[in-house]
>>> print(open('work24.txt').read())   # compact mmCIF, C-alpha atoms
# COMPACT_ATOMS: atom_id res chain seq x y z
CA MET A 1 169.65 62.45 87.30
CA GLU A 2 169.70 66.07 88.39
CA GLN A 3 171.71 68.29 86.06
CA ASN A 4 174.49 70.47 87.45
CA LEU A 5 174.44 74.23 87.15
CA SER A 6 176.69 74.21 84.06
CA GLN A 7 173.80 72.58 82.18
CA LYS A 8 171.25 75.13 83.36
CA ARG A 9 170.25 78.27 81.47
CA ILE A 10 168.27 81.13 82.96
CA ILE A 11 165.13 82.33 81.21
CA THR A 12 164.23 85.96 81.89
CA VAL A 13 160.79 87.14 80.83
CA ALA A 14 160.37 90.84 80.01
CA VAL A 15 156.60 90.96 80.08
CA THR A 16 155.69 94.57 79.30
CA GLY A 17 158.49 97.02 78.57
CA ALA A 18 157.92 100.68 77.81
CA TRP A 19 157.19 100.76 74.09
CA PRO A 20 154.71 98.07 72.93
CA THR A 21 151.01 98.94 73.16
CA ARG A 22 147.80 96.99 72.94
CA LYS A 23 147.52 98.20 69.36
CA ASP A 24 150.63 96.12 68.72
CA ASN A 25 149.26 93.14 70.65
CA PRO A 26 145.96 93.21 72.61
CA ASN A 27 147.35 90.57 75.00
CA LEU A 28 150.04 92.88 76.40
CA PRO A 29 149.77 93.03 80.22
CA VAL A 30 149.46 96.63 81.42
CA THR A 31 147.86 96.88 84.88
CA PRO A 32 149.67 95.74 88.04
CA GLN A 33 147.33 92.76 88.35
CA GLU A 34 147.76 91.76 84.71
CA ILE A 35 151.54 91.99 84.99
CA ALA A 36 151.56 89.97 88.21
CA ASP A 37 149.28 87.28 86.76
CA ASP A 38 151.42 87.04 83.63
CA VAL A 39 154.64 86.79 85.65
CA TYR A 40 153.12 84.00 87.72
CA GLU A 41 152.17 81.98 84.64
CA CYS A 42 155.62 82.54 83.16
CA TRP A 43 157.21 81.30 86.39
CA LYS A 44 155.15 78.13 86.15
CA ALA A 45 156.28 77.73 82.53
CA GLY A 46 159.97 77.95 83.43
CA ALA A 47 161.02 81.59 83.80
CA ALA A 48 163.47 82.22 86.63
CA ILE A 49 163.60 86.04 86.39
CA ALA A 50 160.89 88.62 85.68
CA HIS A 51 162.00 91.97 84.26
CA ILE A 52 159.48 94.57 85.41
CA HIS A 53 158.29 97.79 83.79
CA VAL A 54 155.04 99.47 84.79
CA ARG A 55 152.46 101.58 82.98
CA ASN A 56 150.03 104.39 83.75
CA ASP A 57 146.29 103.78 83.53
CA ASP A 58 146.31 104.94 79.91
CA GLY A 59 149.03 102.42 79.03
CA THR A 60 151.88 104.93 78.73
CA PRO A 61 155.22 104.21 80.43
CA SER A 62 155.42 105.10 84.11
CA THR A 63 158.12 105.68 86.70
CA ALA A 64 155.61 106.12 89.53
CA PHE A 65 156.80 104.40 92.68
CA GLU A 66 153.25 103.42 93.62
CA ARG A 67 152.82 101.45 90.38
CA TYR A 68 155.98 99.49 91.06
CA GLN A 69 155.00 98.97 94.68
CA GLU A 70 151.60 97.53 93.77
CA THR A 71 152.95 95.36 90.97
CA ILE A 72 155.77 93.88 93.06
CA ALA A 73 153.41 93.28 95.99
CA ARG A 74 150.97 91.42 93.73
CA ILE A 75 153.76 89.22 92.39
CA ARG A 76 155.17 88.46 95.83
CA GLU A 77 151.78 87.47 97.20
CA LYS A 78 151.45 84.69 94.59
CA LYS A 79 151.51 81.37 96.39
CA ASP A 80 154.86 79.57 96.20
CA CYS A 81 156.14 81.91 93.48
CA ASP A 82 159.86 82.44 94.12
CA ILE A 83 160.71 84.09 90.79
CA CYS A 84 163.65 86.50 90.90
CA LEU A 85 162.62 90.11 90.38
CA ASN A 86 164.47 92.53 88.14
CA ILE A 87 163.11 96.09 88.29
CA THR A 88 163.97 98.39 85.42
CA SER A 89 165.77 101.61 86.19
CA SER A 90 164.81 103.13 82.85
CA GLY A 91 161.06 103.26 83.40
CA GLY A 92 159.40 105.89 81.22
CA THR A 93 162.39 108.25 81.16
CA LEU A 94 162.82 108.35 77.40
CA GLY A 95 163.41 111.95 76.46
CA SER A 96 166.00 114.66 76.70
CA GLY A 97 167.21 116.63 79.68
CA THR A 98 166.89 114.59 82.88
CA THR A 99 167.62 116.03 86.32
CA ALA A 100 168.80 114.73 89.67
CA GLU A 101 165.13 114.57 90.68
CA ASP A 102 164.45 112.30 87.69
CA ASP A 103 167.38 110.14 88.77
CA GLU A 104 165.83 109.70 92.21
CA GLU A 105 162.47 108.73 90.70
CA ARG A 106 164.19 106.01 88.70
CA ILE A 107 166.27 104.69 91.58
CA ARG A 108 163.63 104.77 94.33
CA PRO A 109 161.81 101.53 93.35
CA VAL A 110 165.14 99.69 93.29
CA ARG A 111 166.22 101.01 96.69
CA GLU A 112 162.90 100.60 98.50
CA LEU A 113 161.40 97.47 96.90
CA LEU A 114 164.67 95.52 97.03
CA PRO A 115 164.61 93.28 93.95
CA GLU A 116 167.40 90.78 93.36
CA LEU A 117 168.38 92.62 90.18
CA CYS A 118 167.85 95.94 88.43
CA SER A 119 168.68 97.09 84.94
CA PHE A 120 171.76 99.26 84.45
CA ASP A 121 171.57 100.78 80.95
CA CYS A 122 175.20 101.51 80.31
CA GLY A 123 175.00 104.61 78.13
CA THR A 124 172.83 107.10 76.27
CA MET A 125 171.56 106.37 72.77
CA ASN A 126 169.31 107.71 70.00
CA TRP A 127 166.33 105.47 70.68
CA GLN A 128 164.43 104.31 67.58
CA TYR A 129 165.96 107.32 65.78
CA ARG A 130 163.23 109.41 67.37
CA THR A 131 164.26 110.41 70.87
CA ILE A 132 167.05 110.24 73.44
CA PHE A 133 167.33 107.36 75.87
CA GLU A 134 169.33 109.28 78.44
CA ASN A 135 171.52 107.61 81.03
CA HIS A 136 173.65 110.45 82.37
CA PRO A 137 176.95 109.53 84.08
CA ARG A 138 175.57 111.17 87.23
CA PHE A 139 172.63 108.74 87.19
CA LEU A 140 174.73 105.65 86.43
CA GLU A 141 177.19 106.41 89.20
CA SER A 142 174.37 106.90 91.70
CA LEU A 143 172.61 103.72 90.58
CA GLY A 144 175.82 101.70 90.73
CA ARG A 145 176.54 102.84 94.29
CA THR A 146 172.95 102.06 95.27
CA THR A 147 173.16 98.50 93.97
CA GLN A 148 176.26 97.87 96.04
CA ALA A 149 174.81 99.44 99.18
CA TYR A 150 171.68 97.26 98.97
CA ASN A 151 173.31 94.11 97.55
CA ILE A 152 171.32 94.21 94.31
CA LYS A 153 172.84 92.77 91.14
CA PRO A 154 173.00 95.21 88.23
CA GLU A 155 171.85 93.68 84.96
CA ILE A 156 174.13 95.67 82.65
CA GLU A 157 172.10 96.25 79.49
CA ILE A 158 174.20 96.61 76.36
CA PHE A 159 172.59 98.09 73.24
CA ASP A 160 175.86 98.91 71.45
CA ALA A 161 179.52 97.95 71.70
CA GLY A 162 180.64 101.22 73.31
CA MET A 163 178.47 100.45 76.32
CA ILE A 164 180.70 97.49 77.16
CA TYR A 165 183.69 99.81 77.41
CA THR A 166 181.64 102.16 79.58
CA ALA A 167 180.90 99.20 81.88
CA GLN A 168 184.61 98.39 82.02
CA HIS A 169 185.27 101.99 83.10
CA TYR A 170 182.71 101.69 85.89
CA ILE A 171 184.23 98.40 87.02
CA LYS A 172 187.65 100.04 87.13
CA THR A 173 186.36 103.02 89.11
CA GLY A 174 184.34 100.90 91.57
CA VAL A 175 180.86 101.95 90.46
CA LEU A 176 180.20 98.35 89.39
CA ALA A 177 181.45 95.37 91.36
CA PRO A 178 182.54 92.24 89.47
CA PRO A 179 181.65 89.56 88.63
CA CYS A 180 179.09 91.35 86.45
CA HIS A 181 176.03 90.14 84.60
CA PHE A 182 175.41 91.50 81.10
CA GLN A 183 172.20 91.58 79.09
CA LEU A 184 172.99 91.99 75.39
CA ILE A 185 170.04 93.52 73.54
CA LEU A 186 170.36 93.47 69.79
CA GLY A 187 168.10 95.00 67.17
CA ALA A 188 166.90 98.21 68.85
CA ALA A 189 166.96 100.93 66.20
CA GLY A 190 169.84 103.21 67.11
CA GLY A 191 171.86 100.34 68.55
CA VAL A 192 173.64 97.24 67.27
CA LYS A 193 171.78 95.07 64.75
CA ALA A 194 170.37 91.67 65.66
CA THR A 195 172.86 89.53 63.78
CA VAL A 196 174.82 86.52 64.95
CA GLU A 197 178.03 88.29 63.91
CA ASP A 198 177.22 91.24 66.18
CA LEU A 199 176.32 88.88 69.03
CA LEU A 200 179.68 87.13 68.69
CA TYR A 201 181.49 90.47 68.74
CA LEU A 202 179.68 91.71 71.86
CA LYS A 203 180.24 88.42 73.68
CA SER A 204 183.95 88.53 72.83
CA ARG A 205 184.31 91.95 74.50
CA LEU A 206 182.78 90.99 77.87
CA PRO A 207 185.06 91.10 80.93
CA ALA A 208 186.42 87.72 82.00
CA GLY A 209 184.28 85.98 84.59
CA SER A 210 181.05 87.70 83.55
CA THR A 211 177.73 85.97 83.05
CA TRP A 212 175.59 87.03 80.11
CA ALA A 213 172.24 86.74 78.41
CA ALA A 214 170.98 88.01 75.07
CA ALA A 215 167.76 89.01 73.34
CA GLY A 216 166.85 90.02 69.81
CA ILE A 217 164.25 92.71 69.13
CA GLY A 218 161.37 91.96 66.76
CA HIS A 219 162.30 89.74 63.83
CA GLY A 220 165.74 89.26 65.39
CA HIS A 221 164.19 87.35 68.28
CA MET A 222 164.62 83.78 67.02
CA PRO A 223 168.10 84.09 65.42
CA ILE A 224 169.53 85.60 68.60
CA LEU A 225 167.67 83.11 70.82
CA LEU A 226 169.09 80.14 68.91
CA ALA A 227 172.59 81.60 68.70
CA THR A 228 172.60 82.37 72.42
CA ILE A 229 171.74 78.77 73.25
CA ALA A 230 174.57 77.58 71.01
CA LEU A 231 177.03 80.02 72.58
CA GLY A 232 176.16 79.08 76.17
CA GLY A 233 174.34 82.24 77.22
CA HIS A 234 171.17 82.80 79.17
CA LEU A 235 167.92 83.85 77.51
CA ARG A 236 165.52 86.77 77.59
CA VAL A 237 162.10 86.56 75.96
CA GLY A 238 158.83 88.45 76.19
CA MET A 239 156.60 91.14 74.76
CA GLU A 240 158.94 93.95 75.72
CA ASP A 241 161.16 92.77 72.86
CA ASN A 242 158.77 91.02 70.48
CA VAL A 243 154.96 90.88 70.33
CA PHE A 244 154.73 88.21 67.60
CA TYR A 245 155.05 84.48 68.21
CA HIS A 246 155.42 83.86 64.49
CA LYS A 247 155.64 86.40 61.69
CA GLY A 248 152.34 88.28 61.66
CA VAL A 249 150.89 86.13 64.48
CA PRO A 250 150.52 88.00 67.82
CA ALA A 251 151.57 86.03 70.88
CA ARG A 252 148.69 84.89 73.08
CA SER A 253 150.76 85.57 76.19
CA ASN A 254 154.31 85.84 77.43
CA THR A 255 154.01 82.23 78.57
CA GLN A 256 154.22 81.14 74.94
CA PHE A 257 157.68 82.65 74.63
CA VAL A 258 158.89 81.07 77.89
CA ALA A 259 157.56 77.64 76.96
CA ARG A 260 159.26 77.77 73.55
CA ALA A 261 162.59 78.84 75.06
CA ARG A 262 162.38 76.00 77.55
CA ARG A 263 161.65 73.46 74.80
CA LEU A 264 164.58 74.68 72.72
CA LEU A 265 166.91 74.45 75.70
CA GLU A 266 165.82 70.90 76.34
CA GLU A 267 166.28 69.97 72.67
CA ALA A 268 169.85 71.27 72.96
CA GLY A 269 170.54 69.16 76.06
CA TYR A 270 170.16 71.92 78.63
CA ALA A 271 167.44 72.74 81.16
CA ALA A 272 165.74 75.88 82.36
CA ALA A 273 167.18 77.03 85.70
CA THR A 274 164.84 77.39 88.63
CA PRO A 275 164.82 80.73 90.47
CA GLU A 276 167.03 79.27 93.21
CA GLU A 277 169.47 77.96 90.63
CA ALA A 278 169.48 81.37 88.96
CA ARG A 279 170.38 82.92 92.31
CA GLN A 280 173.33 80.54 92.58
CA ILE A 281 174.49 81.13 89.01
CA LEU A 282 174.34 84.93 89.28
CA GLY A 283 175.22 85.29 92.95
CA LEU A 284 171.92 86.88 93.92
CA THR A 285 170.60 87.49 97.39
CA ARG A 286 166.88 86.87 97.92
CA LYS A 287 165.46 89.82 99.82
CA VAL A 288 161.86 88.74 100.59
>>> encode(input="work24.txt", output="structure tokens")
Amino acid sequence: MEQNLSQKRIITVAVTGAWPTRKDNPNLPVTPQEIADDVYECWKAGAAIAHIHVRNDDGTPSTAFERYQETIARIREKKDCDICLNITSSGGTLGSGTTAEDDEERIRPVRELLPELCSFDCGTMNWQYRTIFENHPRFLESLGRTTQAYNIKPEIEIFDAGMIYTAQHYIKTGVLAPPCHFQLILGAAGGVKATVEDLLYLKSRLPAGSTWAAAGIGHGHMPILLATIALGGHLRVGMEDNVFYHKGVPARSNTQFVARARRLLEEAGYAAATPEEARQILGLTRKV
């Protein structure tokens, strides 16, 4: 018997991110073709959404439109692959002192490549205690208006509790349009810790009617994954957040993480949502 949508949970795979390198895990996908191939395998394994970052040829983070364009094109040309695309708006902009020109570089892939979702990092933070992850109000307001103009769902990324209240402000002022989708990310140094207690607190602060997913960074991956299933949230897995399948054992691919998440959902009596079911759950509009 086919399960209804209340029994479905969305698996997002964040395949690359901006920080991990091949020194951390030699299986990290870096080139547009590698990212596209990995996304395709993850889709076959049960992922409904792919969260996309891109890299330069030397593996460093990139915000170059051409890298996004090639990567998205290579994913979309995969036969029968209908995975939902979520383009990051943070890219490689991890530093201090961004400008309106930087804002445009970050927004352009979202506006021109038309994914179903894009990340909306709802505040500035001291990233890894080493640098500034800057999300200026000017940038967030511009990004929020862009998502509404092009019918793209913001994935509101929450690294600390104050960011939820920032999101509520943007809902009140019309920058964000409810119902909203939140991605709770726990365990990034400089943000909230990856504990079940912190997850419960963040979930309790979300605006009524919101959908939500969660992910734990590094060793927080499994506790947050299991707690999220128990609490009825959607899941995010992948090498952006964690390069080890077990402690000290590098993952062979992102597919391993997706397959495990799917198995755990099934053990709990749920099922992984298909991309079309994810679109229904989140209210997404397929563009291509």
>>> closest_atom_pairs(input="work24.txt", of="range 69-155 of chain A", to="range 180-203 of chain A", cutoff="7 Å", atoms="all atoms listed in the file", output="Markdown table")
| residue | atom | partner | partner_atom | distance |
| --- | --- | --- | --- | --- |
| A:Met125 | CA | A:Gly190 | CA | 6.7 |
| A:Asn126 | CA | A:Gly190 | CA | 5.4 |
| A:Trp127 | CA | A:Gly190 | CA | 5.5 |
| A:Gln128 | CA | A:Ala189 | CA | 4.4 |
| A:Tyr129 | CA | A:Gly190 | CA | 5.8 |
| A:Pro154 | CA | A:His181 | CA | 6.9 |
| A:Glu155 | CA | A:His181 | CA | 5.5 |
>>> atom_distance(input="work24.txt", atom1="CA of Phe244 in chain A", atom2="CA of Glu34 in chain A")
18.8 Å
>>> atom_distance(input="work24.txt", atom1="CA of Ala259 in chain A", atom2="CA of Asp80 in chain A")
19.5 Å
>>> atom_distance(input="work24.txt", atom1="CA of Tyr165 in chain A", atom2="CA of Gly216 in chain A")
20.9 Å
>>> closest_residue(input="work24.txt", among="A:Ile132, A:Val54, A:Ile10, A:Ala268", to="Ala230 in chain A", atoms="only C-alpha atoms")
A:Ala268
>>> closest_residue(input="work24.txt", among="A:Ala14, A:Ala48, A:Cys122, A:Ala213", to="Gln168 in chain A", atoms="only C-alpha atoms")
A:Cys122
>>> residues_around(input="work24.txt", residues="Ile281 in chain A", least_positions_apart="4", cutoff="12 Å", atoms="all atoms listed in the file", output="number ranges by chain")
A: 4-10, 48, 153, 179-181, 209-212, 233-234, 273-277, 285
>>> write_last_selection(input="work24.txt", atoms="C-alpha atoms", output="compact mmCIF listing (two decimals), in the coordinates of the input")
# COMPACT_ATOMS: atom_id res chain seq x y z
CA ASN A 4 174.49 70.47 87.45
CA LEU A 5 174.44 74.23 87.15
CA SER A 6 176.69 74.21 84.06
CA GLN A 7 173.80 72.58 82.18
CA LYS A 8 171.25 75.13 83.36
CA ARG A 9 170.25 78.27 81.47
CA ILE A 10 168.27 81.13 82.96
CA ALA A 48 163.47 82.22 86.63
CA LYS A 153 172.84 92.77 91.14
CA PRO A 179 181.65 89.56 88.63
CA CYS A 180 179.09 91.35 86.45
CA HIS A 181 176.03 90.14 84.60
CA GLY A 209 184.28 85.98 84.59
CA SER A 210 181.05 87.70 83.55
CA THR A 211 177.73 85.97 83.05
CA TRP A 212 175.59 87.03 80.11
CA GLY A 233 174.34 82.24 77.22
CA HIS A 234 171.17 82.80 79.17
CA ALA A 273 167.18 77.03 85.70
CA THR A 274 164.84 77.39 88.63
CA PRO A 275 164.82 80.73 90.47
CA GLU A 276 167.03 79.27 93.21
CA GLU A 277 169.47 77.96 90.63
CA THR A 285 170.60 87.49 97.39
>>> closest_residue(input="work24.txt", among="A:His169, A:Lys79, A:Arg111, A:Arg145", to="Gly123 in chain A", atoms="only C-alpha atoms")
A:His169
